[in-house]
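Shown here: data.tsv, TSV, C-alpha atoms.
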```tsv
chain	number	residue	atom	x	y	z
T	12	MET	CA	-20.97	89.57	91.50
T	13	LEU	CA	-24.47	89.01	90.18
T	14	LYS	CA	-24.89	89.17	86.42
T	15	LYS	CA	-26.83	92.15	85.09
T	16	ARG	CA	-29.55	91.31	82.57
T	17	GLN	CA	-31.47	93.26	79.93
T	18	SER	CA	-34.66	91.28	80.56
T	19	ILE	CA	-36.16	89.13	83.29
T	20	SER	CA	-37.10	85.46	83.05
T	21	LEU	CA	-40.85	84.90	83.06
T	22	LYS	CA	-40.68	82.02	85.54
T	23	TRP	CA	-38.89	84.10	88.17
T	24	LEU	CA	-41.26	87.04	87.76
T	25	LEU	CA	-44.27	84.74	88.13
T	26	LEU	CA	-42.71	83.13	91.20
T	27	GLY	CA	-42.17	86.58	92.73
T	28	VAL	CA	-45.78	87.59	92.13
T	29	LEU	CA	-47.00	84.26	93.55
T	30	ILE	CA	-44.87	84.72	96.68
T	31	THR	CA	-45.94	88.36	97.16
T	32	ASN	CA	-49.65	87.64	96.95
T	33	THR	CA	-49.40	84.53	99.12
T	34	ALA	CA	-47.72	86.56	101.86
T	35	MET	CA	-50.20	89.43	101.69
T	36	SER	CA	-53.21	87.08	101.62
T	37	PHE	CA	-52.16	85.91	105.07
T	38	ILE	CA	-52.86	89.44	106.30
T	39	TRP	CA	-55.79	91.06	104.49
T	40	PRO	CA	-58.57	88.58	105.46
T	41	LEU	CA	-57.79	89.14	109.14
T	42	ASN	CA	-57.56	92.92	109.28
T	43	THR	CA	-61.15	93.92	109.98
T	44	ILE	CA	-61.80	90.96	112.29
T	45	TYR	CA	-58.57	91.48	114.25
T	46	ILE	CA	-58.97	95.25	114.66
T	47	HIS	CA	-62.63	94.96	115.67
T	48	GLU	CA	-62.73	91.73	117.69
T	49	THR	CA	-59.26	91.54	119.24
T	50	LEU	CA	-58.14	95.17	119.44
T	51	HIS	CA	-61.74	96.23	120.30
T	52	LYS	CA	-61.90	99.11	117.85
T	53	SER	CA	-65.02	100.16	115.98
T	54	LEU	CA	-65.76	99.09	112.44
T	55	VAL	CA	-65.33	102.71	111.39
T	56	ILE	CA	-61.78	102.72	112.75
T	57	ALA	CA	-61.09	99.37	111.08
T	58	ALA	CA	-62.35	100.73	107.75
T	59	SER	CA	-60.27	103.89	108.24
T	60	VAL	CA	-57.10	101.83	108.76
T	61	LEU	CA	-57.77	99.86	105.57
T	62	PHE	CA	-58.44	103.14	103.75
T	63	LEU	CA	-55.09	104.52	104.90
T	64	ASN	CA	-53.44	101.23	103.91
T	65	GLN	CA	-54.71	101.71	100.35
T	66	LEU	CA	-53.65	105.36	100.31
T	67	ALA	CA	-50.18	104.21	101.36
T	68	THR	CA	-50.28	101.68	98.53
T	69	MET	CA	-51.07	104.55	96.14
T	70	LEU	CA	-48.09	106.51	97.44
T	71	GLY	CA	-45.92	103.41	97.14
T	72	SER	CA	-47.03	102.97	93.53
T	73	LEU	CA	-46.05	106.56	92.77
T	74	ILE	CA	-42.67	106.16	94.47
T	75	GLY	CA	-42.04	102.74	92.92
T	76	GLY	CA	-42.78	103.97	89.40
T	77	LYS	CA	-40.50	106.99	89.77
T	78	LEU	CA	-37.64	104.95	91.24
T	79	PHE	CA	-38.03	102.27	88.56
T	80	ASP	CA	-37.55	104.84	85.78
T	81	SER	CA	-35.08	107.27	87.34
T	82	TRP	CA	-33.01	105.10	89.67
T	83	SER	CA	-32.85	101.31	89.29
T	84	PRO	CA	-35.49	98.62	88.66
T	85	TYR	CA	-33.39	96.17	90.66
T	86	TYR	CA	-32.82	98.27	93.78
T	87	SER	CA	-36.35	99.70	93.64
T	88	ILE	CA	-38.02	96.30	94.00
T	89	LEU	CA	-35.49	95.28	96.66
T	90	LEU	CA	-36.42	98.42	98.61
T	91	GLY	CA	-40.12	97.47	98.50
T	92	ILE	CA	-39.42	93.92	99.65
T	93	VAL	CA	-37.12	94.99	102.51
T	94	LEU	CA	-39.67	97.54	103.75
T	95	ASN	CA	-42.35	94.85	103.73
T	96	ILE	CA	-40.10	92.46	105.66
T	97	PHE	CA	-39.56	95.22	108.23
T	98	ALA	CA	-43.31	95.90	108.50
T	99	LEU	CA	-44.43	92.27	108.67
T	100	GLY	CA	-41.54	91.33	110.94
T	101	GLY	CA	-42.51	94.16	113.28
T	102	LEU	CA	-46.05	92.82	113.45
T	103	ILE	CA	-44.74	89.55	114.91
T	104	PHE	CA	-43.83	91.40	118.10
T	105	PHE	CA	-45.91	94.60	117.95
T	106	HIS	CA	-49.49	93.75	117.03
T	107	ALA	CA	-51.26	95.83	119.68
T	108	TRP	CA	-52.85	99.21	119.00
T	109	PRO	CA	-51.65	101.55	117.43
T	110	ALA	CA	-48.51	99.69	116.28
T	111	TYR	CA	-50.67	97.28	114.27
T	112	ALA	CA	-52.25	100.10	112.27
T	113	LEU	CA	-48.96	101.92	111.65
T	114	LEU	CA	-47.10	98.80	110.50
T	115	LEU	CA	-50.04	97.79	108.31
T	116	ILE	CA	-49.90	101.18	106.60
T	117	LEU	CA	-46.13	100.78	106.10
T	118	SER	CA	-46.77	97.37	104.56
T	119	GLY	CA	-49.21	99.02	102.13
T	120	LEU	CA	-46.52	101.50	101.10
T	121	ALA	CA	-43.99	98.71	100.58
T	122	ASN	CA	-46.47	96.59	98.66
T	123	GLY	CA	-47.24	99.51	96.34
T	124	ILE	CA	-43.55	99.81	95.47
T	125	SER	CA	-43.14	96.07	94.90
T	126	VAL	CA	-46.26	95.52	92.79
T	127	THR	CA	-45.53	98.53	90.58
T	128	CYS	CA	-42.00	97.26	89.96
T	129	GLU	CA	-43.34	93.77	89.20
T	130	ASN	CA	-45.80	95.14	86.65
T	131	SER	CA	-43.10	97.33	85.13
T	132	LEU	CA	-40.76	94.35	84.84
T	133	ALA	CA	-43.56	92.46	83.06
T	134	THR	CA	-42.90	94.69	80.05
T	135	ARG	CA	-39.26	93.53	80.02
T	136	VAL	CA	-39.73	89.77	79.90
T	137	GLY	CA	-37.69	88.30	77.07
T	138	ASN	CA	-39.50	86.62	74.12
T	139	HIS	CA	-43.00	87.38	75.44
T	140	ARG	CA	-45.52	90.13	74.75
T	141	SER	CA	-46.31	92.23	77.81
T	142	SER	CA	-50.04	91.50	77.39
T	143	TYR	CA	-49.30	87.76	77.59
T	144	VAL	CA	-47.22	88.31	80.73
T	145	PHE	CA	-49.89	90.49	82.38
T	146	ASN	CA	-52.42	87.69	81.91
T	147	LEU	CA	-50.09	85.20	83.59
T	148	LEU	CA	-49.31	87.64	86.40
T	149	TYR	CA	-53.01	88.00	87.13
T	150	PHE	CA	-53.33	84.21	87.25
T	151	ALA	CA	-50.31	83.87	89.56
T	152	SER	CA	-51.50	86.65	91.89
T	153	ASN	CA	-54.94	85.07	92.26
T	154	PHE	CA	-53.46	81.62	92.78
T	155	GLY	CA	-51.34	83.09	95.57
T	156	LEU	CA	-54.39	84.71	97.15
T	157	VAL	CA	-56.31	81.44	97.08
T	158	PHE	CA	-53.44	79.48	98.60
T	159	GLY	CA	-52.81	82.08	101.31
T	160	THR	CA	-56.43	82.54	102.36
T	161	LEU	CA	-56.96	78.78	102.56
T	162	THR	CA	-53.81	78.29	104.65
T	163	VAL	CA	-54.27	81.18	107.08
T	164	GLY	CA	-57.39	79.57	108.55
T	165	TYR	CA	-55.27	76.71	109.88
T	166	ILE	CA	-52.50	78.97	111.21
T	167	MET	CA	-54.64	81.61	112.95
T	168	PRO	CA	-55.68	79.33	115.87
T	169	LEU	CA	-51.98	79.09	116.81
T	170	GLY	CA	-51.83	82.85	117.33
T	171	ILE	CA	-51.63	86.02	115.24
T	172	GLY	CA	-47.86	86.16	115.74
T	173	TYR	CA	-47.44	82.91	113.78
T	174	VAL	CA	-49.41	84.39	110.87
T	175	PHE	CA	-47.07	87.38	110.66
T	176	ALA	CA	-44.00	85.17	111.14
T	177	ILE	CA	-44.90	82.97	108.16
T	178	ALA	CA	-45.77	86.03	106.04
T	179	THR	CA	-42.36	87.48	106.93
T	180	ILE	CA	-40.55	84.25	106.03
T	181	ILE	CA	-42.35	84.19	102.68
T	182	GLN	CA	-41.22	87.78	102.00
T	183	ILE	CA	-37.64	86.84	102.91
T	184	LEU	CA	-37.88	84.06	100.34
T	185	PHE	CA	-39.02	86.65	97.78
T	186	LEU	CA	-36.02	88.81	98.69
T	187	VAL	CA	-33.65	85.91	97.97
T	188	VAL	CA	-35.35	85.24	94.62
T	189	ALA	CA	-35.20	88.92	93.69
T	190	ILE	CA	-31.54	89.38	94.68
T	191	ILE	CA	-30.49	86.49	92.46
T	192	ASN	CA	-32.85	86.86	89.49
T	193	TYR	CA	-34.11	90.47	89.29
T	194	ASN	CA	-30.80	92.21	88.54
T	195	ILE	CA	-32.14	94.02	85.47
T	196	HIS	CA	-30.13	96.80	83.82
T	197	PHE	CA	-31.37	98.99	80.97
T	198	ASN	CA	-29.09	100.72	78.49
T	199	GLN	CA	-30.08	104.23	79.48
T	200	THR	CA	-28.11	106.87	81.35
T	201	MET	CA	-29.41	108.52	84.50
T	202	GLY	CA	-29.69	111.81	82.63
T	203	ASP	CA	-31.77	110.21	79.89
T	204	ARG	CA	-34.10	108.67	82.47
T	205	LYS	CA	-34.66	111.94	84.32
T	206	GLN	CA	-35.26	113.77	81.04
T	207	ALA	CA	-37.79	111.13	79.97
T	208	ILE	CA	-39.69	111.43	83.26
T	209	LYS	CA	-40.08	115.19	82.74
T	210	LYS	CA	-41.79	114.39	79.42
T	211	GLY	CA	-44.17	111.88	80.97
T	212	LYS	CA	-47.82	112.87	80.76
T	213	LEU	CA	-51.23	111.30	80.93
T	214	THR	CA	-52.72	111.47	77.45
T	215	PRO	CA	-56.54	111.47	77.08
T	216	LYS	CA	-56.57	107.76	76.13
T	217	ILE	CA	-54.45	106.73	79.11
T	218	LEU	CA	-56.31	109.01	81.53
T	219	GLY	CA	-59.62	107.57	80.31
T	220	ALA	CA	-58.35	104.05	80.97
T	221	LEU	CA	-57.13	105.03	84.45
T	222	VAL	CA	-60.43	106.67	85.45
T	223	MET	CA	-62.24	103.64	84.06
T	224	VAL	CA	-60.19	101.17	86.14
T	225	LEU	CA	-60.68	103.33	89.25
T	226	ILE	CA	-64.47	103.19	88.81
T	227	CYS	CA	-64.44	99.46	88.05
T	228	TRP	CA	-62.40	98.66	91.17
T	229	LEU	CA	-64.76	100.82	93.23
T	230	ILE	CA	-67.65	98.74	91.89
T	231	TYR	CA	-65.81	95.44	92.33
T	232	GLU	CA	-65.08	96.23	95.98
T	233	GLN	CA	-68.80	96.09	96.76
T	234	TRP	CA	-68.62	92.34	96.28
T	235	GLN	CA	-65.66	92.09	98.66
T	236	SER	CA	-67.23	94.27	101.36
T	237	ASN	CA	-70.94	95.12	101.37
T	238	LEU	CA	-72.37	92.09	99.56
T	239	SER	CA	-71.54	89.85	102.53
T	240	THR	CA	-73.89	91.73	104.88
T	241	PHE	CA	-76.56	91.90	102.17
T	242	MET	CA	-76.56	88.12	101.72
T	243	VAL	CA	-76.64	87.53	105.49
T	244	GLU	CA	-79.68	89.82	105.72
T	245	LYS	CA	-81.33	87.69	103.02
T	246	GLY	CA	-80.88	84.61	105.20
T	247	PHE	CA	-77.77	83.09	103.64
T	248	LYS	CA	-74.95	81.79	105.82
T	249	VAL	CA	-71.45	83.27	105.77
T	250	LYS	CA	-70.10	80.07	104.23
T	251	SER	CA	-72.50	80.57	101.30
T	252	TYR	CA	-70.87	83.95	100.68
T	253	SER	CA	-67.38	82.46	101.14
T	254	PHE	CA	-68.13	79.77	98.58
T	255	LEU	CA	-68.74	82.45	95.97
T	256	TRP	CA	-65.09	83.49	96.29
T	257	THR	CA	-64.00	79.87	96.02
T	258	PHE	CA	-66.08	79.74	92.84
T	259	ASN	CA	-64.39	82.98	91.75
T	260	ALA	CA	-60.97	81.36	92.18
T	261	ILE	CA	-62.01	78.24	90.26
T	262	LEU	CA	-63.27	80.34	87.36
T	263	ILE	CA	-60.01	82.30	87.25
T	264	VAL	CA	-57.95	79.09	87.26
T	265	VAL	CA	-60.06	77.69	84.42
T	266	PHE	CA	-60.59	80.74	82.20
T	267	GLN	CA	-57.44	82.84	82.68
T	268	PRO	CA	-55.35	80.30	80.71
T	269	VAL	CA	-57.97	80.45	77.94
T	270	VAL	CA	-57.64	84.24	77.77
T	271	THR	CA	-53.85	83.86	77.74
T	272	HIS	CA	-54.06	81.34	74.88
T	273	PHE	CA	-55.94	83.87	72.74
T	274	ASP	CA	-53.72	86.76	73.83
T	275	GLU	CA	-52.60	87.72	70.32
T	276	LEU	CA	-56.18	87.99	69.08
T	277	LEU	CA	-57.30	89.90	72.18
T	278	LEU	CA	-54.33	92.26	71.88
T	279	LYS	CA	-55.44	93.22	68.36
T	280	HIS	CA	-58.85	94.05	69.81
T	281	ILE	CA	-57.70	95.39	73.19
T	282	ARG	CA	-60.44	98.04	73.37
T	283	GLY	CA	-63.08	95.42	72.63
T	284	ARG	CA	-61.64	93.20	75.35
T	285	LEU	CA	-61.86	95.98	77.93
T	286	ASN	CA	-65.34	97.06	76.81
T	287	ILE	CA	-66.64	93.50	77.19
T	288	GLY	CA	-65.04	93.31	80.64
T	289	ILE	CA	-66.85	96.48	81.73
T	290	LEU	CA	-70.16	95.22	80.33
T	291	LEU	CA	-69.79	91.95	82.26
T	292	LEU	CA	-69.25	93.91	85.50
T	293	LEU	CA	-72.29	95.99	84.65
T	294	ALA	CA	-74.37	92.84	84.00
T	295	SER	CA	-73.23	91.35	87.32
T	296	PHE	CA	-74.84	94.20	89.27
T	297	ALA	CA	-77.81	94.52	86.91
T	298	LEU	CA	-78.61	90.90	87.76
T	299	LEU	CA	-78.79	91.81	91.47
T	300	LEU	CA	-81.61	94.22	90.67
T	301	LEU	CA	-83.86	91.30	89.71
T	302	PRO	CA	-86.54	90.27	92.25
T	303	PHE	CA	-85.09	86.80	92.94
T	304	LYS	CA	-82.77	87.71	95.79
T	305	ASP	CA	-83.70	84.63	97.84
T	306	ASN	CA	-82.39	82.39	95.05
T	307	TYR	CA	-78.73	81.45	95.60
T	308	GLY	CA	-78.34	80.78	91.89
T	309	LEU	CA	-78.72	84.52	91.28
T	310	TYR	CA	-75.54	85.23	93.25
T	311	VAL	CA	-73.62	82.37	91.63
T	312	THR	CA	-74.52	83.69	88.17
T	313	SER	CA	-73.68	87.24	89.21
T	314	MET	CA	-70.29	86.11	90.52
T	315	CYS	CA	-69.66	84.25	87.26
T	316	LEU	CA	-70.25	87.44	85.27
T	317	LEU	CA	-68.12	89.46	87.69
T	318	THR	CA	-65.20	87.00	87.45
T	319	LEU	CA	-65.24	86.78	83.65
T	320	GLY	CA	-65.33	90.57	83.59
T	321	GLU	CA	-62.31	90.95	85.87
T	322	ILE	CA	-60.30	88.38	83.89
T	323	LEU	CA	-60.72	90.46	80.75
T	324	LEU	CA	-60.58	93.88	82.36
T	325	PHE	CA	-57.94	94.23	85.06
T	326	PRO	CA	-54.91	92.61	83.38
T	327	GLY	CA	-56.07	94.15	80.09
T	328	VAL	CA	-55.80	97.71	81.44
T	329	ALA	CA	-52.09	97.25	82.16
T	330	SER	CA	-51.61	95.98	78.59
T	331	PHE	CA	-53.56	98.91	77.12
T	332	VAL	CA	-51.53	101.48	79.06
T	333	ASP	CA	-48.30	99.75	78.02
T	334	ILE	CA	-49.33	99.97	74.35
T	335	GLU	CA	-50.18	103.67	74.66
T	336	SER	CA	-47.05	104.69	76.59
T	337	PRO	CA	-43.33	105.03	75.74
T	338	LYS	CA	-41.08	102.14	76.72
T	339	ASN	CA	-38.65	104.27	78.73
T	340	LEU	CA	-41.43	105.34	81.12
T	341	THR	CA	-42.77	101.91	82.05
T	342	GLY	CA	-42.58	102.60	85.78
T	343	TYR	CA	-44.30	105.97	85.48
T	344	TYR	CA	-47.35	104.60	83.65
T	345	GLN	CA	-47.65	101.21	85.37
T	346	GLY	CA	-47.36	103.07	88.67
T	347	ARG	CA	-50.37	105.15	87.65
T	348	VAL	CA	-52.34	101.99	86.90
T	349	GLN	CA	-51.61	100.73	90.41
T	350	MET	CA	-52.38	104.15	91.95
T	351	PHE	CA	-55.81	104.47	90.36
T	352	SER	CA	-56.59	100.82	91.19
T	353	ALA	CA	-55.62	101.37	94.84
T	354	LEU	CA	-57.76	104.52	95.01
T	355	GLY	CA	-60.78	102.58	93.74
T	356	LYS	CA	-60.15	99.86	96.31
T	357	ALA	CA	-59.73	102.46	99.06
T	358	ILE	CA	-62.96	104.40	98.52
T	359	GLY	CA	-65.10	101.46	97.33
T	360	PRO	CA	-66.19	100.01	100.73
T	361	LEU	CA	-66.80	103.45	102.26
T	362	PHE	CA	-68.65	104.63	99.15
T	363	GLY	CA	-70.98	101.62	99.28
T	364	ALA	CA	-71.52	101.86	103.02
T	365	LEU	CA	-72.57	105.53	102.79
T	366	ILE	CA	-75.11	104.74	100.06
T	367	ILE	CA	-76.53	101.79	102.03
T	368	ASP	CA	-76.81	103.83	105.23
T	369	ASN	CA	-78.73	106.59	103.47
T	370	THR	CA	-80.80	104.49	101.03
T	371	ASN	CA	-80.70	100.71	100.52
T	372	TYR	CA	-78.78	97.93	98.78
T	373	GLU	CA	-80.93	98.03	95.65
T	374	PHE	CA	-80.05	101.68	95.12
T	375	LEU	CA	-76.36	100.77	95.52
T	376	PHE	CA	-76.67	98.12	92.81
T	377	LEU	CA	-78.35	100.65	90.52
T	378	ILE	CA	-75.58	103.18	91.15
T	379	CYS	CA	-72.99	100.48	90.33
T	380	VAL	CA	-74.74	99.76	87.02
T	381	LEU	CA	-74.80	103.47	86.15
T	382	MET	CA	-71.17	103.95	87.16
T	383	ALA	CA	-70.09	100.97	85.06
T	384	PHE	CA	-71.87	102.53	82.10
T	385	LEU	CA	-70.16	105.85	82.87
T	386	SER	CA	-66.75	104.16	82.90
T	387	LEU	CA	-67.56	102.61	79.53
T	388	LEU	CA	-68.33	106.06	78.11
T	389	ILE	CA	-65.19	107.58	79.59
T	390	PHE	CA	-63.05	104.86	78.04
T	391	THR	CA	-64.70	104.53	74.62
T	392	LEU	CA	-65.57	108.15	73.69
T	393	PRO	CA	-63.03	109.20	71.04
T	394	VAL	CA	-60.75	112.11	71.84
T	395	ILE	CA	-60.06	113.25	68.30
T	396	SER	CA	-58.02	116.31	69.18
T	397	ALA	CA	-55.54	114.23	71.19
T	398	SER	CA	-55.48	111.03	69.11
T	399	LYS	CA	-52.16	111.82	67.43
T	400	ASN	CA	-50.45	112.66	70.70
T	401	SER	CA	-51.57	109.45	72.44
T	402	LYS	CA	-49.54	107.09	70.21
T	403	PHE	CA	-45.90	106.34	70.79
T	404	ILE	CA	-43.55	104.25	68.74
T	405	HIS	CA	-42.06	101.36	70.67
```
Please express the file's structure as structure tokens.
Amino acid sequence: MLKKRQSISLKWLLLGVLITNTAMSFIWPLNTIYIHETLHKSLVIAASVLFLNQLATMLGSLIGGKLFDSWSPYYSILLGIVLNIFALGGLIFFHAWPAYALLLILSGLANGISVTCENSLATRVGNHRSSYVFNLLYFASNFGLVFGTLTVGYIMPLGIGYVFAIATIIQILFLVVAIINYNIHFNQTMGDRKQAIKKGKLTPKILGALVMVLICWLIYEQWQSNLSTFMVEKGFKVKSYSFLWTFNAILIVVFQPVVTHFDELLLKHIRGRLNIGILLLLASFALLLLPFKDNYGLYVTSMCLLTLGEILLFPGVASFVDIESPKNLTGYYQGRVQMFSALGKAIGPLFGALIIDNTNYEFLFLICVLMAFLSLLIFTLPVISASKNSKFIH
């Protein structure tokens, strides 16, 4: 019988996150191309499938957080992994339309459960602050994405079935790791857990942070979707755009450990950390408003600001919410972080496309700057009447 633990080892949690993101990075770069070029569906349909995938991820985050708190952290994450194995395994044999879309949406649901449980377990790592762990998780997830996206280019020529087969095998490996090392048990009765969940609420501080991260992901998604077509229109090659994401990965590998090293200092000034992150995102898009759009250095500098902003911002939000929330509702609150993030990712590409279709790219960049400033206001404006209710003793 597997030994039950009160906390999880950091190395096994990091390995799980690395495996998860490696597997999923085999899939997401291919979705739009495969649906449009191979399945011969319109770009609108492709975007709609990805939108539904993110909505399923939101639902998975909600389910994962509830199960983590009220049922079992161990069996909750195993459920997410098994569902993903079923979805990815199904894609090996059923990757025609509409099976591809349905299984991709199921994978989004499963991934939402798994990632929420991983983030919730990050608050239960022995001998480490949760903020320190969140920084390392962000590093591991990005390292997995880089490794997966680099590898999938060599596997894809063999056939799409091989891509899904390897992604499935990687998820099976994660299942083995989780079965052996994720058997976490908290000293809390089922009745206590259900009673705690009824008391869970989004205080003004936490809600402000969640709305802020939704807006920031919506903005960030413009770089992952609409900026590619903008650069091509300006005469740059696709590989020039792709290099910016290689540069993004290099910056994360270099600077994320630096942020982790100064974690204690940054934790004391967590609001300042997040505010600076938002301002860097804002500056990234403000730079694109300058009249030097034929200069590649403009995009490199903008990507540098964007990356430094995300390093401070996205893992920092999870830490902030953990500080402001009770320990026995980790799943509930970390699930909300994942839900609002997924919503921003879901509506971001469509939001940008609608603005571009009706105006132009420059107006989109201006809107992004204004929305970043709005998110800063939402997060930093004091809510005096609720300040006492937003603090919990850990």
task = Enter the distance from atom CA of T:Ala107 to atom CA of T:Ala58, in Å, rounded to one decimal.
result =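 Atom CA of T:Ala58 lies 17.0 Å from atom CA of T:Ala107.
Across the model, the gap from atom CA of T:Tyr111 to atom CA of T:Leu70 is 19.4 Å.
Interatomic distance, atom CA of T:Ser125 to atom CA of T:Ala329: 15.6 Å.
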At most 8 Å is the cut-off: for each residue in stretch 119-226 of chain T with any atom that close to an atom of stretch 332-338 of chain T, write down the nearest atom pair and the distance in Å rounded to one decimal, counting only C-alpha atoms, chain first then increasing number, as CSV.
```
residue,atom,partner,partner_atom,distance
T:Thr134,CA,T:Asp333,CA,7.7
T:Ser141,CA,T:Asp333,CA,7.8
T:Lys216,CA,T:Glu335,CA,7.7
T:Ile217,CA,T:Val332,CA,6.0
T:Ala220,CA,T:Val332,CA,7.5
```
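When all atoms listed in the file are used to compute distances to T:Leu291, the closest of the residues T:Met314, T:Ile263, T:Leu276, T:Val174 turns out to be T:Met314.
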task = Name the closest residue to T:Leu26 among the candidates T:Phe154, T:Phe266, T:Trp108, T:Phe97; distances are taken between atoms, counting all atoms listed in the file.
result =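 Among the listed residues, the smallest separation from T:Leu26 belongs to T:Phe154.
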inquiry  = Quick one: residues within 7 Å of stretch 284-289 of chain T, all atoms listed in the file, excluding same-chain residues fewer than 6 positions away - as number ranges by chain?
reply    = T: 277, 320-321, 323-324, 327, 383, 387
request  = Could you give me, as a list in words, the residues within 8 Å of T:Phe296, counting only C-alpha atoms and dropping anything in the same chain fewer than 6 positions from it?
outcome  = Ser313, Phe376, Leu377, Cys379 and Val380 of chain T
Selection above as a file: C-alpha atoms, as a PDB file, keeping the file's coordinate frame:
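Contents of part24.pdb, as written:
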```pdb
ATOM      1  CA  SER T 313     -73.680  87.240  89.210  1.00  0.00           C
ATOM      2  CA  PHE T 376     -76.670  98.120  92.810  1.00  0.00           C
ATOM      3  CA  LEU T 377     -78.350 100.650  90.520  1.00  0.00           C
ATOM      4  CA  CYS T 379     -72.990 100.480  90.330  1.00  0.00           C
ATOM      5  CA  VAL T 380     -74.740  99.760  87.020  1.00  0.00           C
TER       6      VAL T 380
END
```
request  = Select, from T:Ile195, T:Leu317, T:Leu392, T:Lys212, the residue with the minimum atom-to-atom distance to T:Gly137, counting all atoms listed in the file.
outcome  =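 Of T:Ile195, T:Leu317, T:Leu392, T:Lys212, the one nearest T:Gly137 is T:Ile195, counting all atoms listed in the file.
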Spatial neighbours of T:Asn192, max dist 8 Å, all atoms listed in the file, sep filter under 5 positions, as a PDB file with C-alpha atoms, in the coordinates of the input:
```pdb
ATOM      1  CA  ILE T  19     -36.160  89.130  83.290  1.00  0.00           C
ATOM      2  CA  SER T  20     -37.100  85.460  83.050  1.00  0.00           C
ATOM      3  CA  TRP T  23     -38.890  84.100  88.170  1.00  0.00           C
TER       4      TRP T  23
END
```
Among the residues T:Ile103, T:Leu132, T:Ile88, T:Leu301, the one that comes closest to T:Gly172 [using only C-alpha atoms] =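 Counting only C-alpha atoms, the residue closest to T:Gly172 is T:Ile103.
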inquiry  = My list of candidates is T:Leu73, T:Leu156, T:Val93, T:Ala133. Which is closest to T:Leu184 when distances are computed with only C-alpha atoms?
reply    =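 Nearest to T:Leu184: T:Val93.
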inquiry  = If we draw a sphere of 6 Å around (-52.4, 90.3, 79.7), which residues have at least one atom in it when counting all atoms listed in the file? Please report them as a PyMOL selection string.
reply    = chain T and resi 142-146+326-327+330
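Distance check against T:Gly283 using all atoms listed in the file: of T:Ile177, T:Met69, T:Val328, T:Leu25, the minimum falls on T:Val328.
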